[in-house]
Amino acid sequence: MLTGSCLCGNIRYQFDQPVSRIGLCHCQMCRKASGTAYAANAPVPRSEFRLLSGMEWLKAYASSPGKKRWFCGNCGSPVYSESASYPDLIRIRLGSLDQPAGRTPDYHYLLSAKADWDMTADELPRFGDD
């Protein structure tokens with residue numbers, strides 16, 4: 001079981017499986033939503049995700065048609081996102097985990113859109129750049 005929370009601790013969640021893969025998204029929306037070079041995300045089956053507290057603090061922003069980004073309305077921490085294209089999954093923002101994810105990143109997404117100050121130089125697979 002893994003747990004997570006927002007910065008102020010009002011929102012708490014858990015899911016009952018290990019992190020299966022980690023993607024680093026460099027698109028401009030993810031950079032703006034995270035405030036840094038990329039968003040580190042992990043897919044979690046919606047059926048495994050449980051909100052433990054803070055439902056009243058959970059706010060959503062529809063960043064594009066069919067996509068919502070959920071965050072804490074008090075501290076602003078991103079918690080997860082969901083997409084109509086993948087209704088059975090949510091994508092946890094790994095920075096919200098309370099313990100180590102237990103694995104390293106699996107891939108970059110849209111590395112061609114990275115910020116000009118991002119010095120990413122590794123051998124992870126890259127997707128979305130063709």
# chains A, B, ... in the order shown; residues from 1 in each chain; ligands from 1
>>> residues_around(residues="Ser112 (chain A)", least_positions_apart="4", cutoff="9 Å", atoms="only C-alpha atoms", output="number ranges by chain")
A: 26-27, 128-129
>>> select_by_dssp(residues="region 1-129 of chain A", states="strand (DSSP E)", output="ChimeraX atom specification")
/A:2-5,12-15,23-25,39-45,49-53,58-64,67-72,78-83,89-93,107-109,126-127
>>> closest_residue(among="A:Arg103, A:Gly95, A:Leu52, A:His108", to="Thr36 (chain A)", atoms="only C-alpha atoms")
A:Gly95
>>> closest_atom_pairs(of="region 6-56 of chain A", to="region 70-81 of chain A", cutoff="12 Å", atoms="only C-alpha atoms", output="JSON lines")
{"residue": "A:Cys6", "atom": "CA", "partner": "A:Ser77", "partner_atom": "CA", "distance": 5.4}
{"residue": "A:Leu7", "atom": "CA", "partner": "A:Ser77", "partner_atom": "CA", "distance": 6.0}
{"residue": "A:Cys8", "atom": "CA", "partner": "A:Cys75", "partner_atom": "CA", "distance": 5.9}
{"residue": "A:Gly9", "atom": "CA", "partner": "A:Cys75", "partner_atom": "CA", "distance": 8.9}
{"residue": "A:Asn10", "atom": "CA", "partner": "A:Cys72", "partner_atom": "CA", "distance": 7.8}
{"residue": "A:Ile11", "atom": "CA", "partner": "A:Cys72", "partner_atom": "CA", "distance": 6.9}
{"residue": "A:Arg12", "atom": "CA", "partner": "A:Val79", "partner_atom": "CA", "distance": 9.4}
{"residue": "A:Tyr13", "atom": "CA", "partner": "A:Val79", "partner_atom": "CA", "distance": 9.2}
{"residue": "A:Gln14", "atom": "CA", "partner": "A:Val79", "partner_atom": "CA", "distance": 11.6}
{"residue": "A:Cys30", "atom": "CA", "partner": "A:Pro78", "partner_atom": "CA", "distance": 10.4}
{"residue": "A:Arg31", "atom": "CA", "partner": "A:Pro78", "partner_atom": "CA", "distance": 11.8}
{"residue": "A:Lys32", "atom": "CA", "partner": "A:Pro78", "partner_atom": "CA", "distance": 11.1}
{"residue": "A:Ala33", "atom": "CA", "partner": "A:Pro78", "partner_atom": "CA", "distance": 7.4}
{"residue": "A:Ser34", "atom": "CA", "partner": "A:Pro78", "partner_atom": "CA", "distance": 7.0}
{"residue": "A:Gly35", "atom": "CA", "partner": "A:Pro78", "partner_atom": "CA", "distance": 10.1}
{"residue": "A:Ala39", "atom": "CA", "partner": "A:Pro78", "partner_atom": "CA", "distance": 9.8}
{"residue": "A:Ala40", "atom": "CA", "partner": "A:Tyr80", "partner_atom": "CA", "distance": 10.5}
{"residue": "A:Asn41", "atom": "CA", "partner": "A:Tyr80", "partner_atom": "CA", "distance": 8.3}
{"residue": "A:Ala42", "atom": "CA", "partner": "A:Tyr80", "partner_atom": "CA", "distance": 9.2}
{"residue": "A:Pro43", "atom": "CA", "partner": "A:Tyr80", "partner_atom": "CA", "distance": 9.4}
{"residue": "A:Val44", "atom": "CA", "partner": "A:Tyr80", "partner_atom": "CA", "distance": 9.8}
{"residue": "A:Arg46", "atom": "CA", "partner": "A:Ser81", "partner_atom": "CA", "distance": 10.9}
{"residue": "A:Phe49", "atom": "CA", "partner": "A:Tyr80", "partner_atom": "CA", "distance": 10.5}
{"residue": "A:Leu51", "atom": "CA", "partner": "A:Val79", "partner_atom": "CA", "distance": 10.8}
{"residue": "A:Ser53", "atom": "CA", "partner": "A:Cys72", "partner_atom": "CA", "distance": 11.4}
{"residue": "A:Gly54", "atom": "CA", "partner": "A:Cys72", "partner_atom": "CA", "distance": 8.4}
{"residue": "A:Met55", "atom": "CA", "partner": "A:Cys72", "partner_atom": "CA", "distance": 9.2}
{"residue": "A:Glu56", "atom": "CA", "partner": "A:Gly73", "partner_atom": "CA", "distance": 8.6}
>>> closest_residue(among="A:Leu24, A:Met1, A:Ala60, A:Ala37", to="Leu94 (chain A)", atoms="only C-alpha atoms")
A:Leu24
>>> select_by_dssp(residues="region 22-105 of chain A", states="helix (DSSP H, G or I)", output="MDAnalysis selection string")
chainID A and resid 28:34 46:48 55:57 94:96
>>> write_last_selection(atoms="N, CA and C atoms", output="short mmCIF file (atom, residue, chain, number, x, y, z; two decimals), in the first residue's frame")
data_model
loop_
_atom_site.label_atom_id
_atom_site.label_comp_id
_atom_site.auth_asym_id
_atom_site.auth_seq_id
_atom_site.Cartn_x
_atom_site.Cartn_y
_atom_site.Cartn_z
N GLN A 28 4.20 21.73 -22.24
CA GLN A 28 4.06 23.02 -21.58
C GLN A 28 2.97 22.99 -20.51
N MET A 29 1.86 22.29 -20.75
CA MET A 29 0.81 22.23 -19.73
C MET A 29 1.30 21.56 -18.46
N CYS A 30 2.03 20.45 -18.59
CA CYS A 30 2.55 19.78 -17.40
C CYS A 30 3.60 20.63 -16.69
N ARG A 31 4.42 21.34 -17.46
CA ARG A 31 5.39 22.23 -16.83
C ARG A 31 4.69 23.33 -16.04
N LYS A 32 3.67 23.92 -16.62
CA LYS A 32 2.94 24.97 -15.92
C LYS A 32 2.19 24.43 -14.70
N ALA A 33 1.57 23.26 -14.85
CA ALA A 33 0.82 22.67 -13.74
C ALA A 33 1.72 22.26 -12.58
N SER A 34 2.95 21.85 -12.89
CA SER A 34 3.87 21.40 -11.84
C SER A 34 4.79 22.51 -11.36
N ARG A 46 -8.18 3.27 -11.28
CA ARG A 46 -9.12 4.04 -10.48
C ARG A 46 -9.71 3.19 -9.34
N SER A 47 -9.91 1.91 -9.60
CA SER A 47 -10.48 1.01 -8.58
C SER A 47 -9.55 0.81 -7.38
N GLU A 48 -8.26 1.08 -7.53
CA GLU A 48 -7.29 0.90 -6.45
C GLU A 48 -7.09 2.18 -5.62
N MET A 55 -11.80 15.53 0.81
CA MET A 55 -12.66 15.68 -0.37
C MET A 55 -13.11 17.13 -0.54
N GLU A 56 -13.37 17.81 0.55
CA GLU A 56 -13.84 19.20 0.46
C GLU A 56 -12.75 20.15 -0.06
N TRP A 57 -11.49 19.74 -0.01
CA TRP A 57 -10.38 20.56 -0.49
C TRP A 57 -10.00 20.25 -1.94
N LEU A 94 3.70 12.03 -8.69
CA LEU A 94 4.61 11.31 -7.79
C LEU A 94 5.17 12.16 -6.66
N GLY A 95 5.23 13.46 -6.86
CA GLY A 95 5.70 14.32 -5.78
C GLY A 95 4.77 14.33 -4.58
N SER A 96 3.55 13.82 -4.75
CA SER A 96 2.60 13.79 -3.63
C SER A 96 2.69 12.51 -2.80
#
>>> atom_distance(atom1="CA of Arg50 (chain A)", atom2="CA of Thr3 (chain A)")
9.5 Å
>>> closest_residue(among="A:Tyr107, A:Ile92, A:Ser5, A:Pro65", to="Thr120 (chain A)", atoms="only C-alpha atoms")
A:Tyr107
>>> closest_residue(among="A:Asp106, A:Asp16, A:Asp98, A:Asp88", to="Leu124 (chain A)", atoms="only C-alpha atoms")
A:Asp106
>>> closest_residue(among="A:Ala121, A:Ala62, A:Ala101, A:Ala113", to="Glu82 (chain A)", atoms="only C-alpha atoms")
A:Ala62
